[in-house]
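Chemist: mmCIF, C-alpha atoms and all ligand atoms, file start-v1.cif:
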data_target
loop_
_atom_site.label_atom_id
_atom_site.label_comp_id
_atom_site.auth_asym_id
_atom_site.auth_seq_id
_atom_site.Cartn_x
_atom_site.Cartn_y
_atom_site.Cartn_z
CA MET A 1 67.63 112.43 88.62
CA THR A 2 66.83 115.35 86.29
CA ARG A 3 63.21 114.60 85.49
CA LEU A 4 60.39 113.74 87.83
CA THR A 5 56.79 112.90 86.99
CA LEU A 6 54.22 112.86 89.76
CA ARG A 7 50.46 113.03 90.16
CA ARG A 8 49.35 116.65 90.04
CA PRO A 9 49.75 118.06 93.55
CA ASP A 10 47.04 119.58 95.73
CA ASP A 11 47.49 122.63 97.93
CA TRP A 12 45.76 121.99 101.24
CA HIS A 13 46.00 125.59 102.49
CA LEU A 14 45.72 128.49 100.06
CA HIS A 15 44.70 132.15 100.21
CA LEU A 16 43.18 133.17 96.89
CA ARG A 17 41.72 136.53 98.05
CA ASP A 18 39.06 138.25 95.97
CA GLY A 19 38.62 140.87 93.23
CA ASP A 20 41.78 142.17 91.52
CA LEU A 21 44.08 140.20 93.80
CA LEU A 22 42.25 136.93 93.01
CA ALA A 23 42.45 137.70 89.31
CA GLY A 24 46.17 138.47 89.60
CA VAL A 25 47.21 135.34 91.48
CA ILE A 26 44.88 132.50 90.54
CA ASP A 27 46.82 131.40 87.44
CA ASP A 28 49.88 130.67 89.57
CA SER A 29 47.99 128.06 91.62
CA ALA A 30 45.95 126.68 88.71
CA ARG A 31 49.12 126.08 86.69
CA HIS A 32 50.67 123.65 89.20
CA PHE A 33 47.91 122.38 91.46
CA ALA A 34 44.83 120.29 90.69
CA ARG A 35 42.91 121.22 93.83
CA ALA A 36 43.31 123.68 96.64
CA LEU A 37 41.66 124.13 100.01
CA VAL A 38 40.72 127.81 99.87
CA MET A 39 40.95 129.78 103.10
CA PRO A 40 37.89 131.80 104.11
CA ASN A 41 39.59 134.85 105.68
CA LEU A 42 38.20 137.46 103.33
CA VAL A 43 36.89 140.74 104.72
CA PRO A 44 34.13 139.98 105.67
CA PRO A 45 34.94 136.28 106.08
CA VAL A 46 33.24 133.38 104.30
CA ARG A 47 30.96 132.27 107.14
CA THR A 48 27.99 130.49 105.58
CA GLY A 49 27.30 127.92 102.93
CA ALA A 50 25.71 130.64 100.80
CA GLU A 51 28.81 132.83 101.09
CA ALA A 52 31.05 129.88 100.21
CA ALA A 53 28.94 129.16 97.11
CA HIS A 54 29.25 132.77 95.97
CA TYR A 55 33.00 132.86 96.64
CA ARG A 56 33.45 129.59 94.76
CA ALA A 57 31.60 131.06 91.77
CA ARG A 58 33.90 134.12 91.78
CA ILE A 59 36.96 131.85 91.86
CA LEU A 60 35.68 129.72 88.97
CA ALA A 61 34.89 132.89 86.99
CA ALA A 62 38.45 134.16 87.53
CA LEU A 63 40.05 130.92 86.25
CA PRO A 64 41.71 131.05 82.84
CA PRO A 65 40.16 128.84 80.13
CA TRP A 66 43.11 126.40 80.16
CA ALA A 67 42.82 125.69 83.88
CA ASP A 68 41.98 122.30 85.34
CA PHE A 69 41.67 123.41 88.95
CA THR A 70 39.10 122.67 91.63
CA PRO A 71 38.72 125.06 94.56
CA LEU A 72 37.67 123.21 97.72
CA MET A 73 35.87 125.60 100.01
CA THR A 74 36.09 126.20 103.75
CA LEU A 75 33.84 127.99 106.23
CA TYR A 76 35.20 130.47 108.76
CA LEU A 77 34.12 129.36 112.22
CA THR A 78 32.68 132.17 114.35
CA GLU A 79 30.95 132.15 117.70
CA ASP A 80 27.69 132.64 115.77
CA THR A 81 28.17 129.80 113.28
CA ASN A 82 25.06 127.68 113.00
CA PRO A 83 25.98 123.96 113.17
CA ARG A 84 23.10 123.16 110.81
CA ASP A 85 24.55 125.47 108.16
CA ILE A 86 27.88 123.63 108.36
CA LEU A 87 26.19 120.25 108.00
CA CYS A 88 24.04 121.45 105.13
CA ALA A 89 27.03 122.82 103.19
CA TRP A 90 29.03 119.68 103.97
CA ARG A 91 26.32 117.28 102.84
CA ALA A 92 25.86 119.30 99.64
CA GLY A 93 29.56 118.83 98.90
CA LEU A 94 30.02 122.58 99.00
CA VAL A 95 32.61 122.70 101.78
CA THR A 96 35.53 120.41 102.55
CA ALA A 97 36.51 121.75 105.97
CA VAL A 98 35.83 124.40 108.59
CA LYS A 99 38.58 126.82 109.59
CA LEU A 100 39.28 127.89 113.15
CA TYR A 101 41.14 131.14 113.69
CA PRO A 102 41.65 132.18 117.29
CA ALA A 103 40.43 135.81 117.25
CA GLY A 104 43.31 138.12 116.39
CA ALA A 105 45.85 135.37 115.63
CA THR A 106 46.63 136.43 112.07
CA THR A 107 45.61 138.41 108.96
CA ASN A 108 41.82 139.00 108.88
CA SER A 109 41.05 136.93 111.96
CA ALA A 110 39.06 139.52 113.93
CA SER A 111 35.85 137.45 113.58
CA GLY A 112 37.56 134.34 114.96
CA VAL A 113 36.82 132.45 118.15
CA ARG A 114 37.42 133.95 121.61
CA ASP A 115 35.29 131.71 123.78
CA PHE A 116 35.58 128.06 122.76
CA ASP A 117 32.46 127.12 124.74
CA ARG A 118 30.48 129.08 122.16
CA VAL A 119 31.56 126.79 119.31
CA ARG A 120 31.08 123.54 121.21
CA GLY A 121 27.82 122.71 119.37
CA ALA A 122 29.46 123.28 115.98
CA LEU A 123 32.48 121.15 116.89
CA GLU A 124 30.31 118.31 118.18
CA ALA A 125 28.19 118.34 115.01
CA MET A 126 31.38 118.29 112.93
CA ALA A 127 32.84 115.39 114.90
CA ALA A 128 29.65 113.38 114.41
CA ALA A 129 29.56 114.07 110.66
CA GLY A 130 33.32 113.76 110.05
CA VAL A 131 33.85 117.38 108.94
CA PRO A 132 37.55 118.28 109.36
CA LEU A 133 38.51 121.32 111.45
CA CYS A 134 41.53 123.17 110.08
CA VAL A 135 43.24 125.03 112.88
CA HIS A 136 45.44 128.11 112.90
CA GLY A 137 47.45 126.89 115.88
CA GLU A 138 48.68 129.96 117.71
CA VAL A 139 47.57 131.49 120.99
CA THR A 140 46.82 135.21 120.93
CA ASP A 141 47.81 135.98 124.53
CA PRO A 142 50.13 139.01 124.23
CA ALA A 143 52.09 137.69 127.20
CA VAL A 144 53.25 134.69 125.15
CA ASP A 145 56.36 135.24 123.05
CA ILE A 146 55.51 135.13 119.34
CA PHE A 147 58.02 132.32 118.76
CA ASP A 148 56.27 130.19 121.43
CA ARG A 149 52.68 130.73 120.36
CA GLU A 150 52.31 127.48 118.43
CA ALA A 151 53.78 125.26 121.15
CA VAL A 152 51.65 126.96 123.84
CA PHE A 153 48.52 126.57 121.69
CA LEU A 154 48.92 122.80 121.67
CA ASP A 155 48.73 122.54 125.47
CA ARG A 156 46.38 125.39 126.22
CA VAL A 157 43.86 125.13 123.40
CA LEU A 158 44.19 122.18 121.05
CA GLU A 159 44.58 119.37 123.55
CA PRO A 160 41.58 120.46 125.71
CA LEU A 161 39.51 121.06 122.57
CA ARG A 162 40.25 117.60 121.19
CA ARG A 163 39.68 115.96 124.57
CA THR A 164 36.24 117.52 124.91
CA THR A 165 35.29 116.72 121.31
CA PRO A 166 36.20 113.05 120.80
CA GLY A 167 36.33 111.97 117.17
CA LEU A 168 36.86 115.47 115.79
CA ARG A 169 39.12 115.32 112.74
CA VAL A 170 41.73 118.07 112.93
CA VAL A 171 44.38 119.52 110.65
CA LEU A 172 47.05 121.50 112.45
CA GLU A 173 47.78 124.03 109.74
CA HIS A 174 51.23 125.27 108.73
CA VAL A 175 53.15 123.42 111.44
CA THR A 176 56.34 125.32 112.28
CA THR A 177 57.77 123.59 115.35
CA ALA A 178 59.14 120.25 116.45
CA GLU A 179 56.46 120.36 119.18
CA GLY A 180 53.72 120.66 116.54
CA LEU A 181 55.12 117.69 114.63
CA ALA A 182 55.30 115.60 117.79
CA TYR A 183 51.74 116.52 118.72
CA VAL A 184 50.41 115.41 115.32
CA ARG A 185 52.45 112.20 115.36
CA ALA A 186 51.08 111.25 118.76
CA GLY A 187 47.48 112.03 117.83
CA GLY A 188 46.51 109.03 115.73
CA PRO A 189 44.65 108.99 112.43
CA ALA A 190 42.18 111.76 113.33
CA ILE A 191 44.87 114.46 113.19
CA ALA A 192 47.17 115.58 110.40
CA GLY A 193 49.41 118.57 109.77
CA THR A 194 50.12 120.74 106.76
CA ILE A 195 53.61 122.06 106.07
CA THR A 196 54.40 125.04 103.84
CA ALA A 197 57.23 125.28 101.32
CA HIS A 198 58.55 128.46 102.93
CA HIS A 199 58.84 126.95 106.42
CA LEU A 200 60.91 124.17 104.84
CA ALA A 201 63.14 126.74 103.15
CA ILE A 202 63.82 129.47 105.71
CA ASN A 203 64.36 129.91 109.41
CA ARG A 204 63.84 133.08 111.44
CA ASN A 205 67.24 134.49 110.50
CA ALA A 206 65.88 135.08 106.99
CA ILE A 207 63.48 137.66 108.45
CA LEU A 208 65.82 139.46 110.82
CA ALA A 209 69.54 138.87 110.24
CA GLY A 210 71.42 141.52 108.26
CA GLY A 211 68.35 143.71 107.77
CA ILE A 212 64.60 143.27 108.14
CA ARG A 213 62.98 141.42 105.23
CA PRO A 214 59.22 141.85 105.32
CA HIS A 215 58.57 139.39 102.50
CA TYR A 216 59.68 136.58 104.83
CA TYR A 217 57.26 137.61 107.57
CA CYS A 218 54.29 135.29 107.86
CA LEU A 219 52.26 133.67 110.61
CA PRO A 220 53.11 131.42 112.23
CA VAL A 221 56.46 133.15 112.05
CA ALA A 222 59.43 131.01 110.93
CA LYS A 223 61.29 129.48 113.90
CA ARG A 224 64.86 128.38 114.68
CA GLU A 225 66.88 126.20 112.33
CA HIS A 226 66.34 123.02 114.36
CA HIS A 227 62.59 123.38 113.83
CA ARG A 228 63.10 123.83 110.08
CA LEU A 229 65.21 120.67 110.01
CA ALA A 230 62.51 118.75 111.90
CA LEU A 231 59.88 119.92 109.38
CA LEU A 232 62.15 118.93 106.51
CA ALA A 233 62.65 115.47 108.00
CA ALA A 234 58.89 114.93 108.35
CA ALA A 235 58.14 116.17 104.82
CA THR A 236 60.96 114.35 103.04
CA ALA A 237 60.12 111.11 104.85
CA ALA A 238 56.58 111.59 103.47
CA GLU A 239 55.11 110.60 106.83
CA PRO A 240 51.42 109.99 106.09
CA ALA A 241 50.21 112.51 108.69
CA PHE A 242 51.89 115.44 106.89
CA PHE A 243 51.16 117.01 103.55
CA LEU A 244 51.62 120.21 101.58
CA GLY A 245 49.58 123.29 102.35
CA THR A 246 51.48 126.21 100.88
CA ASP A 247 49.70 128.95 102.86
CA SER A 248 50.55 131.07 99.84
CA ALA A 249 49.23 134.42 101.09
CA PRO A 250 49.52 137.28 98.59
CA HIS A 251 49.51 140.85 99.83
CA PRO A 252 50.14 144.00 97.79
CA ASP A 253 53.74 145.13 98.33
CA ALA A 254 52.45 148.41 99.76
CA ASP A 255 50.87 146.48 102.65
CA LYS A 256 53.93 144.27 103.21
CA LEU A 257 56.40 147.18 103.20
CA ALA A 258 54.44 149.47 105.54
CA PRO A 259 55.64 150.46 109.05
CA CYS A 260 53.30 147.73 110.32
CA GLY A 261 53.61 145.26 107.47
CA CYS A 262 51.18 142.39 107.22
CA ALA A 263 51.91 138.66 107.47
CA GLY A 264 52.03 136.30 104.49
CA CYS A 265 54.45 134.93 101.89
CA TYR A 266 53.36 134.65 98.27
CA THR A 267 54.74 131.25 97.33
CA ALA A 268 52.30 129.76 94.80
CA PRO A 269 54.49 130.35 91.70
CA VAL A 270 57.59 128.72 93.22
CA ALA A 271 56.29 126.29 95.84
CA LEU A 272 56.79 123.18 93.68
CA ALA A 273 60.24 124.28 92.52
CA VAL A 274 61.28 125.00 96.11
CA LEU A 275 60.05 121.57 97.22
CA ALA A 276 61.83 119.81 94.35
CA GLU A 277 65.07 121.57 95.27
CA LEU A 278 64.76 120.61 98.95
CA PHE A 279 63.63 117.03 98.34
CA ALA A 280 66.43 116.54 95.80
CA ALA A 281 69.01 117.82 98.27
CA ALA A 282 67.66 115.35 100.85
CA GLY A 283 67.79 112.47 98.35
CA ALA A 284 64.01 112.21 98.67
CA LEU A 285 62.64 113.21 95.26
CA ALA A 286 60.87 109.87 95.00
CA ARG A 287 58.84 110.83 98.09
CA LEU A 288 57.73 114.26 96.86
CA GLU A 289 54.60 112.77 95.30
CA ARG A 290 53.44 111.36 98.62
CA PHE A 291 53.95 114.69 100.39
CA ALA A 292 52.48 116.92 97.69
CA SER A 293 49.95 114.73 95.89
CA LEU A 294 48.88 111.68 97.92
CA ASN A 295 48.92 112.13 101.71
CA GLY A 296 46.51 115.08 101.74
CA ALA A 297 43.98 113.47 99.43
CA ALA A 298 44.07 110.36 101.60
CA PHE A 299 43.37 112.36 104.77
CA TYR A 300 40.48 114.20 103.12
CA GLY A 301 39.10 110.95 101.69
CA LEU A 302 39.52 112.03 98.07
CA ALA A 303 40.96 110.06 95.17
CA PRO A 304 44.43 111.13 94.08
CA ASN A 305 44.57 113.17 90.89
CA LEU A 306 44.89 111.12 87.71
CA ALA A 307 46.74 113.73 85.67
CA THR A 308 50.48 114.12 86.19
CA VAL A 309 52.96 116.96 86.19
CA THR A 310 56.60 116.67 85.10
CA LEU A 311 59.43 118.62 86.68
CA GLU A 312 62.74 118.99 84.93
CA ARG A 313 66.08 120.13 86.30
CA GLY A 314 67.97 122.72 84.28
CA PRO A 315 70.10 125.84 84.72
CA PRO A 316 69.07 128.13 87.60
CA LEU A 317 65.94 130.15 86.92
CA PRO A 318 65.88 133.93 87.23
CA PRO A 319 63.85 135.07 90.26
CA PRO A 320 60.18 135.42 89.28
CA ALA A 321 58.90 138.91 88.52
CA PRO A 322 56.38 140.45 90.92
CA ARG A 323 52.80 139.68 90.00
CA PRO A 324 50.63 142.61 88.91
CA ALA A 325 47.18 142.63 90.53
CA GLY A 326 45.05 145.60 89.55
CA THR A 327 47.12 148.64 90.45
CA ALA A 328 49.15 146.67 93.02
CA ARG A 329 52.08 144.30 92.71
CA VAL A 330 52.85 141.21 94.72
CA THR A 331 56.41 140.07 95.37
CA VAL A 332 56.98 136.34 94.89
CA PHE A 333 58.78 134.39 97.64
CA ASP A 334 62.52 134.03 97.09
CA PRO A 335 63.83 130.99 98.98
CA GLY A 336 67.36 132.39 99.13
CA PHE A 337 68.85 129.58 97.05
CA PRO A 338 68.80 129.04 93.29
CA LEU A 339 65.86 127.13 91.81
CA HIS A 340 66.63 124.64 89.05
CA TRP A 341 63.36 122.77 88.69
CA ARG A 342 60.61 123.87 86.35
CA VAL A 343 57.30 122.36 85.41
CA VAL A 344 57.41 121.25 81.76
C1 LIG B 401 47.67 134.59 106.09
C2 LIG B 401 46.98 135.69 105.28
O1 LIG B 401 47.66 136.62 104.84
O2 LIG B 401 45.77 135.59 105.04
N1 LIG B 401 48.93 135.11 106.52
C3 LIG B 401 50.00 134.38 106.87
O3 LIG B 401 50.99 134.96 107.32
N2 LIG B 401 50.02 133.07 106.72
C4 LIG B 401 46.82 134.17 107.22
C5 LIG B 401 47.27 132.90 107.87
O4 LIG B 401 47.17 131.82 107.30
O5 LIG B 401 47.76 132.96 109.00
ZN ZN B 402 46.97 130.73 105.85
#
Since I need it in another form, could you write the structure as structure tokens?

Modeler:
Amino acid sequence: MTRLTLRRPDDWHLHLRDGDLLAGVIDDSARHFARALVMPNLVPPVRTGAEAAHYRARILAALPPWADFTPLMTLYLTEDTNPRDILCAWRAGLVTAVKLYPAGATTNSASGVRDFDRVRGALEAMAAAGVPLCVHGEVTDPAVDIFDREAVFLDRVLEPLRRTTPGLRVVLEHVTTAEGLAYVRAGGPAIAGTITAHHLAINRNAILAGGIRPHYYCLPVAKREHHRLALLAAATAAEPAFFLGTDSAPHPDADKLAPCGCAGCYTAPVALAVLAELFAAAGALARLERFASLNGAAFYGLAPNLATVTLERGPPLPPPAPRPAGTARVTVFDPGFPLHWRVV
């Protein structure tokens, strides 16, 4: 197969940032995706319905005139979040989900949750109303090895949280382990998982073997090859509980290449091409539409996009140039294998 037409995909986990960075990166998502669930981890975070409305307006203002792209907003759950504000923003159609960051788990998560008893009211209100909780699934306990933080989170945090909040709809974001996949599979229709393109493409060797490569460092950090293969199997089988959330997370190169470089891979420009390459290699191109365009919409109760996108296979593409953003530049993720698929 050298040509593939599918419904326009949605990105169920995207960092669009703000200001110059937003202006520099938004075209890359708008070009390929119809909708994206926009993460709220700005500084300060997007905590209230009013803040989400303002952020949404800034995103819409940054969109190019040709774009047909809908940002779906999220609220950042803090210990001070007012459950009524969540419900109000949800009923107004202003937010699509609430995001839980354990405090300190990742980039800009300082305002996240430390004491889960303090968000019990918010979680119960969300469960009653059907508002999905998107979860950054890593423990922050420094005693836990960074490669184990997702698996430990499932037992220590997620399972107790779901047991005490029956009916809560949960998305385990950017699943990176076989344990995470198994947890979602066993959880029934109220839980789903997003998978990124980069966790399907690389394992932890890409970060550390033969030299340290900061552009492959993200959170959750990439794991061993057998985990990557398990993720690939779930995605290419288009299991209904799993769908694409790129976690495309642009950072200026200066911040990535510092002595303490920050976490995040900027994948938006190449995510579809990377997926096409991987699905083709697995003989699963016909299932890419379910993974990238249908399963997520179904979980979120939205109609699939009507417009389509066509991918075509050709000679290998040159690696994409870094994206300028104000005075900064952002390196685009390089999967480490040639990309042949382009959107036509
Ligand atoms: C994200 C970011 O940069 O905002 N970084 C990352 O490595 N994925 C935060 C996140 O989703 O963990
Ligand atoms: Zn993210």

Chemist: Please determine, counting only C-alpha atoms, which residue among A:Cys88, A:Ala263, A:Leu100, A:Leu94 has the shortest atom-to-atom distance to Ala249 of chain A.

Modeler: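 Of A:Cys88, A:Ala263, A:Leu100, A:Leu94, the one nearest Ala249 of chain A is A:Ala263, counting only C-alpha atoms.
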
Chemist: So which one's closest to Leu219 of chain A, A:Ala235, A:Ile146, A:Ile26, A:Ala286? Using all atoms listed in the file, please.

Modeler: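 Using all atoms listed in the file, Leu219 of chain A sits closest to A:Ile146.
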
Chemist: Would you please work out which residue, of A:Pro322, A:Gly49, A:Gly210, A:Gly245, is nearest to Cys134 of chain A when using only C-alpha atoms?

Modeler: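 Using only C-alpha atoms, Cys134 of chain A sits closest to A:Gly245.
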
Chemist: Give the residues close to ligand LIG 401 (chain B), within 7 Å, counting only C-alpha atoms and all ligand atoms; write them as a PyMOL selection string.

Modeler: chain A and resi 15+41+106-108+136+217-220+247+249-251+263-265

Chemist: Please write out, as lines of an AutoDock Vina configuration file, where the centre of an axis-aligned box around all listed atoms of segment 128-147 of chain A lies and how long its edges are, in Å to one decimal, after adding 5 Å on each side.

Modeler:
center_x = 43.8
center_y = 126.2
center_z = 118.1
size_x = 38.5
size_y = 35.6
size_z = 28.3

Chemist: Counting only C-alpha atoms and all ligand atoms, which residue out of A:His226, A:His174, A:Arg58, A:His32 sits closest to ligand ZN 402 (chain B)?

Modeler: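 Of A:His226, A:His174, A:Arg58, A:His32, the one nearest ligand ZN 402 (chain B) is A:His174, counting only C-alpha atoms and all ligand atoms.
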
Chemist: Would you compute the distance between atom CA of Leu232 of chain A and atom CA of Leu200 of chain A? Give it in Å to one decimal.

Modeler: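 Atom-to-atom, atom CA of Leu232 of chain A to atom CA of Leu200 of chain A, that is 5.6 Å.
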
Chemist: List the neighbours of Phe147 of chain A out to 7 Å using only C-alpha atoms; skip same-chain residues closer than 2 positions along the sequence, and give me the result as an NGL selection string.

Modeler: :A and (145 or 149 or 221 or 223)

Chemist: Would you mind listing what lies within 9 Å of Ala67 of chain A as number ranges by chain, with only C-alpha atoms counted and same-chain residues fewer than 2 positions away left out?

Modeler: A: 27, 30-31, 34, 63-65, 69

Chemist: I'd like the neighbourhood of segment 123-128 of chain A as number ranges by chain, where a residue qualifies if any of its atoms comes within 6 Å (using all atoms listed in the file), though same-chain residues fewer than 2 positions away should be ignored.

Modeler: A: 120-121, 130-131, 167-168

Chemist: Next, the residues of the selection above should be written as a PDB file, in the frame of the given file with C-alpha atoms.

Modeler:
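The new file result-v2.pdb reads:
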ATOM      1  CA  ARG A 120      31.080 123.540 121.210  1.00  0.00           C
ATOM      2  CA  GLY A 121      27.820 122.710 119.370  1.00  0.00           C
ATOM      3  CA  GLY A 130      33.320 113.760 110.050  1.00  0.00           C
ATOM      4  CA  VAL A 131      33.850 117.380 108.940  1.00  0.00           C
ATOM      5  CA  GLY A 167      36.330 111.970 117.170  1.00  0.00           C
ATOM      6  CA  LEU A 168      36.860 115.470 115.790  1.00  0.00           C
TER       7      LEU A 168
END

Chemist: Have a look at A:Lys99, A:Arg185, A:Arg213, A:His199 and name the one nearest to Ala241 of chain A; count all atoms listed in the file.

Modeler: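 So, comparing all the options, the nearest one is A:Arg185.
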
Chemist: Rank A:Arg47, A:Arg8, A:Arg3, A:Ala280 by their smallest atom-to-atom distance to Pro304 of chain A, using all atoms listed in the file, and report the top residue only.

Modeler: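 Once distances to Pro304 of chain A are computed over all atoms listed in the file, the minimum belongs to A:Arg8.
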
Chemist: May I ask for the distance between atom CA of Pro83 of chain A and atom CA of Tyr183 of chain A, given in Å to one decimal place?

Modeler: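 Those two atoms sit 27.4 Å apart.
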
Chemist: With all atoms listed in the file as the counted atoms, please give the residues lying no more than 12 Å from segment 295-303 of chain A, apart from itself and same-chain residues fewer than 6 positions off, as a ChimeraX atom specification.

Modeler: /A:7-13,34-37,72,95-97,130-134,169-171,188-195,235,237-245,287-289

Chemist: Asp155 of chain A: which residues within 12 Å, counting all atoms listed in the file, same-chain residues fewer than 4 positions away excluded, as a list of chain:residue names?

Modeler: A:Gly137, A:Glu138, A:Val139, A:Asp148, A:Arg149, A:Glu150, A:Ala151, A:Glu159, A:Pro160, A:Leu161, A:Arg162, A:Arg163, A:Glu179, A:Gly180, A:Tyr183
